[in-house]
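Trainee: Next up, upload38.txt (compact mmCIF, C-alpha atoms).
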# COMPACT_ATOMS: atom_id res chain seq x y z
CA MET A 242 133.98 123.88 41.49
CA ALA A 243 131.88 121.99 38.94
CA GLY A 244 129.74 125.07 38.27
CA ASP A 245 132.83 126.96 37.09
CA LEU A 246 133.64 124.38 34.43
CA PRO A 247 132.47 124.82 30.81
CA GLY A 248 129.05 123.22 30.44
CA ILE A 249 128.27 120.87 27.55
CA VAL A 250 124.86 119.91 26.19
CA VAL A 251 124.43 116.42 24.75
CA ALA A 252 122.04 116.39 21.78
CA GLY A 253 120.26 113.11 21.06
CA ALA A 254 120.89 111.99 24.64
CA SER A 255 119.10 108.63 24.36
CA GLY A 256 120.99 107.43 21.27
CA ARG A 257 124.01 105.15 21.27
CA MET A 258 126.41 108.05 21.07
CA GLY A 259 124.32 110.24 23.37
CA ARG A 260 124.48 107.69 26.17
CA MET A 261 128.18 107.21 25.66
CA LEU A 262 128.77 110.96 25.71
CA LEU A 263 126.85 111.34 28.96
CA GLN A 264 128.96 108.59 30.50
CA VAL A 265 132.27 110.03 29.28
CA LEU A 266 131.34 113.60 30.26
CA SER A 267 130.31 112.47 33.73
CA GLU A 268 133.90 111.27 34.23
CA GLU A 269 135.58 114.30 32.61
CA PRO A 270 137.29 116.57 35.20
CA ASN A 271 137.44 119.67 32.98
CA LEU A 272 133.87 119.84 31.68
CA ARG A 273 130.38 119.43 33.13
CA ILE A 274 127.08 118.24 31.69
CA ALA A 275 124.90 121.33 31.25
CA GLY A 276 121.97 119.76 29.44
CA ALA A 277 120.54 116.76 27.66
CA LEU A 278 118.33 117.13 24.60
CA GLU A 279 115.83 114.79 23.00
CA ARG A 280 113.12 115.13 20.37
CA PRO A 281 109.62 116.21 21.47
CA GLY A 282 107.51 113.36 22.80
CA HIS A 283 110.47 111.17 23.75
CA ASP A 284 110.05 109.00 26.86
CA TRP A 285 113.11 110.56 28.49
CA ILE A 286 111.71 114.10 28.56
CA GLY A 287 111.45 115.32 32.17
CA SER A 288 113.62 112.51 33.54
CA ASP A 289 117.10 112.73 35.01
CA ALA A 290 119.49 111.73 32.22
CA GLY A 291 121.44 109.32 34.43
CA GLU A 292 118.33 107.60 35.74
CA ALA A 293 116.90 107.36 32.20
CA MET A 294 120.02 105.39 31.25
CA GLY A 295 119.44 103.06 34.19
CA GLY A 296 122.23 104.50 36.33
CA ALA A 297 122.84 107.02 39.09
CA PRO A 298 121.32 110.51 38.80
CA LEU A 299 123.41 113.07 36.90
CA GLY A 300 121.45 116.10 38.09
CA VAL A 301 120.47 116.97 34.52
CA THR A 302 116.87 116.82 33.32
CA VAL A 303 116.27 115.78 29.73
CA THR A 304 114.44 118.47 27.75
CA ASP A 305 113.11 118.97 24.23
CA ASP A 306 113.81 122.73 24.36
CA PRO A 307 117.23 123.60 22.86
CA LEU A 308 117.08 127.15 24.23
CA GLU A 309 116.51 125.85 27.74
CA ALA A 310 119.35 123.36 27.39
CA MET A 311 121.76 125.94 25.99
CA ALA A 312 120.96 128.62 28.58
CA SER A 313 123.98 127.82 30.79
CA ALA A 314 126.15 125.97 28.29
CA GLN A 315 129.43 126.75 26.60
CA GLY A 316 129.20 123.90 24.11
CA VAL A 317 127.08 121.19 22.55
CA ILE A 318 128.04 117.79 21.19
CA ASP A 319 125.80 116.64 18.40
CA PHE A 320 125.59 113.16 16.85
CA THR A 321 122.02 113.43 15.58
CA ALA A 322 120.55 113.95 12.11
CA PRO A 323 121.26 116.63 9.48
CA ALA A 324 118.09 118.67 10.02
CA ALA A 325 118.56 118.75 13.79
CA THR A 326 122.26 119.56 13.44
CA ILE A 327 121.61 122.55 11.17
CA GLU A 328 119.07 123.94 13.66
CA MET A 329 121.55 123.42 16.48
CA ALA A 330 124.33 125.15 14.52
CA ASP A 331 122.23 128.32 14.34
CA LEU A 332 121.41 128.19 18.06
CA ALA A 333 125.00 127.47 19.09
CA ALA A 334 126.21 130.37 16.94
CA GLN A 335 123.74 132.71 18.64
CA ALA A 336 124.96 131.53 22.05
CA ARG A 337 128.63 131.69 20.90
CA ALA A 338 128.95 128.10 22.11
CA VAL A 339 131.33 125.48 20.74
CA HIS A 340 129.43 123.07 18.47
CA VAL A 341 131.02 119.65 18.01
CA ILE A 342 129.36 117.85 15.09
CA GLY A 343 129.68 114.12 14.56
CA THR A 344 126.52 113.91 12.44
CA THR A 345 127.01 112.26 9.05
CA GLY A 346 124.97 112.39 5.86
CA LEU A 347 125.22 116.19 5.61
CA SER A 348 124.59 117.70 2.17
CA ALA A 349 126.61 120.45 0.51
CA GLU A 350 123.80 122.85 1.42
CA ASP A 351 123.95 121.70 5.05
CA ILE A 352 127.71 122.30 5.15
CA ALA A 353 127.21 125.77 3.69
CA ARG A 354 124.82 126.53 6.57
CA ILE A 355 127.43 125.25 9.03
CA ASP A 356 130.08 127.44 7.40
CA ALA A 357 127.80 130.45 7.91
CA ALA A 358 127.30 129.61 11.59
CA ALA A 359 131.07 129.17 12.01
CA ARG A 360 131.57 132.87 11.30
CA HIS A 361 130.17 133.51 14.79
CA ALA A 362 131.20 130.47 16.84
CA VAL A 363 133.59 127.54 17.01
CA ILE A 364 132.43 124.48 15.08
CA VAL A 365 134.42 121.25 15.07
CA ARG A 366 133.03 118.82 12.51
CA ALA A 367 134.32 115.38 11.62
CA GLY A 368 132.89 112.20 10.14
CA ASN A 369 134.91 110.39 12.80
CA MET A 370 136.27 111.70 16.10
CA SER A 371 138.85 109.01 16.86
CA LEU A 372 142.59 109.65 16.96
CA GLY A 373 143.36 106.53 14.92
CA VAL A 374 140.96 107.39 12.12
CA ASN A 375 142.25 110.94 11.83
CA LEU A 376 145.79 109.59 11.57
CA LEU A 377 144.54 107.17 8.90
CA VAL A 378 143.14 110.13 6.95
CA GLN A 379 146.58 111.72 6.85
CA LEU A 380 148.19 108.42 5.80
CA ALA A 381 145.61 107.95 3.04
CA LYS A 382 146.38 111.40 1.66
CA GLN A 383 150.12 110.76 1.70
CA ALA A 384 149.84 107.27 0.21
CA ALA A 385 147.53 108.39 -2.62
CA ALA A 386 149.91 111.22 -3.46
CA SER A 387 152.93 108.91 -3.46
CA LEU A 388 151.45 105.96 -5.34
CA GLU A 389 150.62 107.67 -8.60
CA GLY A 390 148.51 105.64 -11.00
CA TRP A 391 147.41 103.10 -8.38
CA ASP A 392 143.72 102.29 -7.93
CA VAL A 393 142.06 103.47 -4.71
CA GLU A 394 139.14 101.64 -3.13
CA ILE A 395 137.52 102.35 0.25
CA VAL A 396 135.60 99.61 2.04
CA GLU A 397 133.70 100.27 5.27
CA ALA A 398 131.60 98.16 7.63
CA HIS A 399 129.12 99.23 10.33
CA HIS A 400 126.25 97.85 12.42
CA HIS A 401 122.89 97.15 10.83
CA HIS A 402 121.26 100.22 12.43
CA LYS A 403 123.36 102.74 10.49
CA VAL A 404 121.16 104.65 8.04
CA ASP A 405 123.66 106.36 5.69
CA ALA A 406 126.24 104.97 3.29
CA PRO A 407 129.03 105.41 2.64
CA SER A 408 129.97 106.41 6.16
CA GLY A 409 131.20 109.89 6.99
CA THR A 410 134.57 108.34 7.74
CA ALA A 411 134.75 106.68 4.34
CA LEU A 412 134.04 110.04 2.72
CA MET A 413 136.77 111.66 4.85
CA LEU A 414 139.19 109.02 3.58
CA GLY A 415 138.05 109.50 -0.01
CA GLU A 416 138.42 113.26 0.25
CA ALA A 417 141.94 112.81 1.67
CA ALA A 418 142.97 110.47 -1.13
CA ALA A 419 141.51 112.81 -3.76
CA GLU A 420 143.23 115.81 -2.20
CA GLY A 421 146.52 113.93 -2.21
CA ARG A 422 146.14 113.56 -5.98
CA GLY A 423 144.83 117.05 -6.63
CA GLN A 424 141.37 115.72 -7.52
CA ASP A 425 137.81 116.76 -6.72
CA LEU A 426 136.17 113.79 -4.99
CA GLU A 427 132.76 114.57 -6.53
CA LYS A 428 134.25 114.01 -9.98
CA VAL A 429 136.07 110.75 -9.21
CA TYR A 430 133.63 109.21 -6.69
CA ARG A 431 132.21 105.81 -7.69
CA ALA A 432 129.61 104.01 -5.58
CA ALA A 433 129.40 100.24 -5.09
CA ARG A 434 129.30 98.41 -8.40
CA ASP A 435 126.49 96.19 -9.62
CA GLY A 436 125.85 94.39 -12.88
CA ILE A 437 127.89 94.77 -16.05
CA THR A 438 129.90 97.86 -15.22
CA GLY A 439 132.75 97.51 -17.69
CA PRO A 440 136.40 97.89 -16.69
CA ARG A 441 137.40 100.15 -13.86
CA GLU A 442 137.82 103.77 -14.89
CA ALA A 443 141.34 104.99 -14.16
CA GLY A 444 141.68 107.69 -11.53
CA THR A 445 138.37 106.99 -9.82
CA ILE A 446 137.91 106.25 -6.11
CA GLY A 447 135.54 103.39 -5.35
CA PHE A 448 133.37 102.97 -2.24
CA SER A 449 131.76 99.86 -0.79
CA ALA A 450 129.63 99.59 2.37
CA ILE A 451 128.82 96.60 4.60
CA ARG A 452 125.99 96.70 7.15
CA ALA A 453 125.84 93.77 9.55
CA GLY A 454 125.34 92.86 13.20
CA ASP A 455 126.93 95.11 15.79
CA ILE A 456 130.07 96.17 13.92
CA VAL A 457 131.24 99.41 15.55
CA GLY A 458 133.27 100.58 12.57
CA GLU A 459 135.90 99.21 10.19
CA HIS A 460 137.56 101.13 7.35
CA ASP A 461 140.03 99.94 4.73
CA VAL A 462 141.80 102.12 2.19
CA ILE A 463 143.07 99.80 -0.53
CA LEU A 464 145.73 101.08 -2.93
CA ALA A 465 146.41 98.57 -5.68
CA GLY A 466 149.09 98.63 -8.34
CA GLN A 467 150.49 96.03 -10.69
CA GLY A 468 151.63 93.03 -8.64
CA GLU A 469 151.24 94.68 -5.23
CA ARG A 470 148.82 96.52 -3.00
CA VAL A 471 148.85 98.49 0.22
CA VAL A 472 145.95 98.25 2.70
CA LEU A 473 145.55 100.90 5.39
CA ARG A 474 143.06 99.77 8.04
CA HIS A 475 141.34 101.06 11.16
CA VAL A 476 139.12 98.90 13.36
CA ALA A 477 137.00 100.38 16.15
CA THR A 478 135.87 97.98 18.87
CA ASP A 479 134.54 100.46 21.42
CA ARG A 480 132.17 103.35 20.69
CA ALA A 481 133.75 105.27 23.56
CA ILE A 482 136.65 106.30 21.30
CA PHE A 483 134.28 108.57 19.37
CA ALA A 484 132.82 110.06 22.55
CA ARG A 485 136.26 110.71 24.03
CA GLY A 486 137.36 112.42 20.83
CA ALA A 487 134.25 114.60 20.77
CA VAL A 488 134.74 115.60 24.40
CA ARG A 489 138.36 116.46 23.64
CA ALA A 490 137.16 118.63 20.74
CA ALA A 491 134.64 120.42 22.98
CA LEU A 492 137.36 121.21 25.50
CA TRP A 493 139.82 122.33 22.79
CA GLY A 494 137.22 124.59 21.25
CA GLN A 495 136.84 126.63 24.43
CA SER A 496 140.11 128.45 23.69
CA GLN A 497 139.61 128.95 19.92
CA GLY A 498 138.18 131.78 17.85
CA PRO A 499 135.17 131.35 15.55
CA GLY A 500 135.77 129.01 12.64
CA HIS A 501 134.96 125.66 11.05
CA TYR A 502 137.56 123.20 12.34
CA SER A 503 138.30 119.50 11.91
CA MET A 504 139.63 116.84 14.25
CA ALA A 505 142.96 117.22 12.50
CA ASP A 506 143.05 120.73 13.97
CA VAL A 507 142.13 119.45 17.42
CA LEU A 508 144.79 116.74 17.33
CA GLY A 509 147.47 118.88 15.72
CA LEU A 510 147.72 116.60 12.68
Since I need it in another form, could you write the structure as structure tokens?

Mentor:
Amino acid sequence: MAGDLPGIVVAGASGRMGRMLLQVLSEEPNLRIAGALERPGHDWIGSDAGEAMGGAPLGVTVTDDPLEAMASAQGVIDFTAPAATIEMADLAAQARAVHVIGTTGLSAEDIARIDAAARHAVIVRAGNMSLGVNLLVQLAKQAAASLEGWDVEIVEAHHHHKVDAPSGTALMLGEAAAEGRGQDLEKVYRAARDGITGPREAGTIGFSAIRAGDIVGEHDVILAGQGERVVLRHVATDRAIFARGAVRAALWGQSQGPGHYSMADVLGL
């Protein structure tokens, strides 16, 4: 019976990812939609989530009350904003619910708060939930470790609505490359260059961001040596890949103990 399945709350239900998550969850045989959250004053509040999207009713009323939404839930999927995600991490920990976080732009302080919440509940956090990207992360780590002395540059492209740069995925890739070389990314990170910058500093990892049109997500890890280069690339053409990955993480988390996990854990990478 549907009522016996683990219930998942979708935070930021009206957003691009929120809508996609509602759609994917409505087709998922092993989970049910337990709630849909939006910010106070949003037009969707009080409406059926399915009807608000212009489709068939889902039997879930959109609310601005996280406690109400979490009352009968075993998990929450959260692609919102840092402040909202930190609040949700505390609530999910109190409810001992799985918290899947796809929010990007989190600060070190935010992550410390998430680590604290993860002592009481399962948290799966990733800058990107897709299988292909998480494989790319592992390849970037291996390639950076193997190609000693080569320059590493990360170039990413997203739609013009994206508000943070570089993307969470680009940072995942940079962290993987730095880890492969035994480096601390904060010390070797270099943002997009402008003006007279001088020659490239050896051992650094460069980042460049493109924002244009409706690009779903493209990420290149460029490793360049003398006379040759290797380009590792992932191109996303359908936002559903992120929703499907997040739903998979929410289901996986139901059988795990408290902790702060990554998609590499979920996918066994």

Trainee: Counting all atoms listed in the file, which residue out of A:Asp479, A:Glu427, A:Asp461, A:Leu414 sits closest to Ala349 of chain A?

Mentor: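 Under the stated criterion, the closest residue is A:Glu427.
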
Trainee: Between A:Val393, A:Ala484, A:Ile456, A:Ile342, single out the one closest to Val429 of chain A, counting only C-alpha atoms.

Mentor: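 Looking only at the distances to Val429 of chain A, the closest residue turns out to be A:Val393.
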
Trainee: Can you work out the spacing between atom CA of Thr304 of chain A and atom CA of Leu332 of chain A in Å, to one decimal?

Mentor: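 Taking atom CA of Thr304 of chain A and atom CA of Leu332 of chain A, their separation equals 15.4 Å.
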
Trainee: At a cut-off of 12 Å, using only C-alpha atoms, what residues contact Ala411 of chain A? Leave out same-chain residues fewer than 3 positions from it and give the result as a ChimeraX atom specification.

Mentor: /A:345-346,367-369,374-375,377-378,381,394-399,405-408,414-418,426,430,432,446-451,458-463,474-475

Trainee: Calculate how many Å separate atom CA of Asp392 of chain A from atom CA of Ala465 of chain A, rounding to one decimal.

Mentor: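 Those two atoms sit 5.1 Å apart.
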
Trainee: Just to confirm, what's the straight-line distance from atom CA of Ala481 of chain A to atom CA of Trp285 of chain A in Å (one decimal)?

Mentor: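 One can read the atom CA of Ala481 of chain A to atom CA of Trp285 of chain A distance as 21.9 Å.
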
Trainee: Counting only C-alpha atoms, figure out which residue out of A:Gly466, A:Gly436, A:Gly373, A:Gly282 gets nearest to Gly390 of chain A.

Mentor: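 Using only C-alpha atoms, Gly390 of chain A sits closest to A:Gly466.
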
Trainee: Given all atoms listed in the file as the basis, pick out the residue of A:Ile274, A:Ala505, A:Met294, A:Ala324 nearest to Arg257 of chain A.

Mentor: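 The answer is A:Met294, which sits nearest to Arg257 of chain A.
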
Trainee: As a list in words, please: the residues near Ala330 of chain A (cut-off 8 Å, all atoms listed in the file, same-chain neighbours under 6 positions excluded).

Mentor: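 Using all atoms listed in the file, the neighbours found are His340, Ile355 and Ala358 of chain A.
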
Trainee: Given the choices A:Gly421, A:Pro298, A:Gly509, A:Gly409, which gets closest to Ala384 of chain A if the distance is worked out from all atoms listed in the file?

Mentor: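 Comparing A:Gly421, A:Pro298, A:Gly509, A:Gly409 against Ala384 of chain A, the winner is A:Gly421.
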
Trainee: Ranking A:Leu266, A:Ala254, A:Arg452, A:Met329 by minimum distance to Thr302 of chain A and counting only C-alpha atoms, which one comes first?

Mentor: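 So, comparing all the options, the nearest one is A:Ala254.
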
Trainee: Write out as a VMD selection string each polymer residue whose atoms come within 12 Å of Phe483 of chain A, counting all atoms listed in the file; drop sequence neighbours fewer than 5 positions from it.

Mentor: chain A and resid 257 to 262 265 318 to 320 341 to 344 367 to 375 410 457 to 458 477 to 478 488 to 490 504
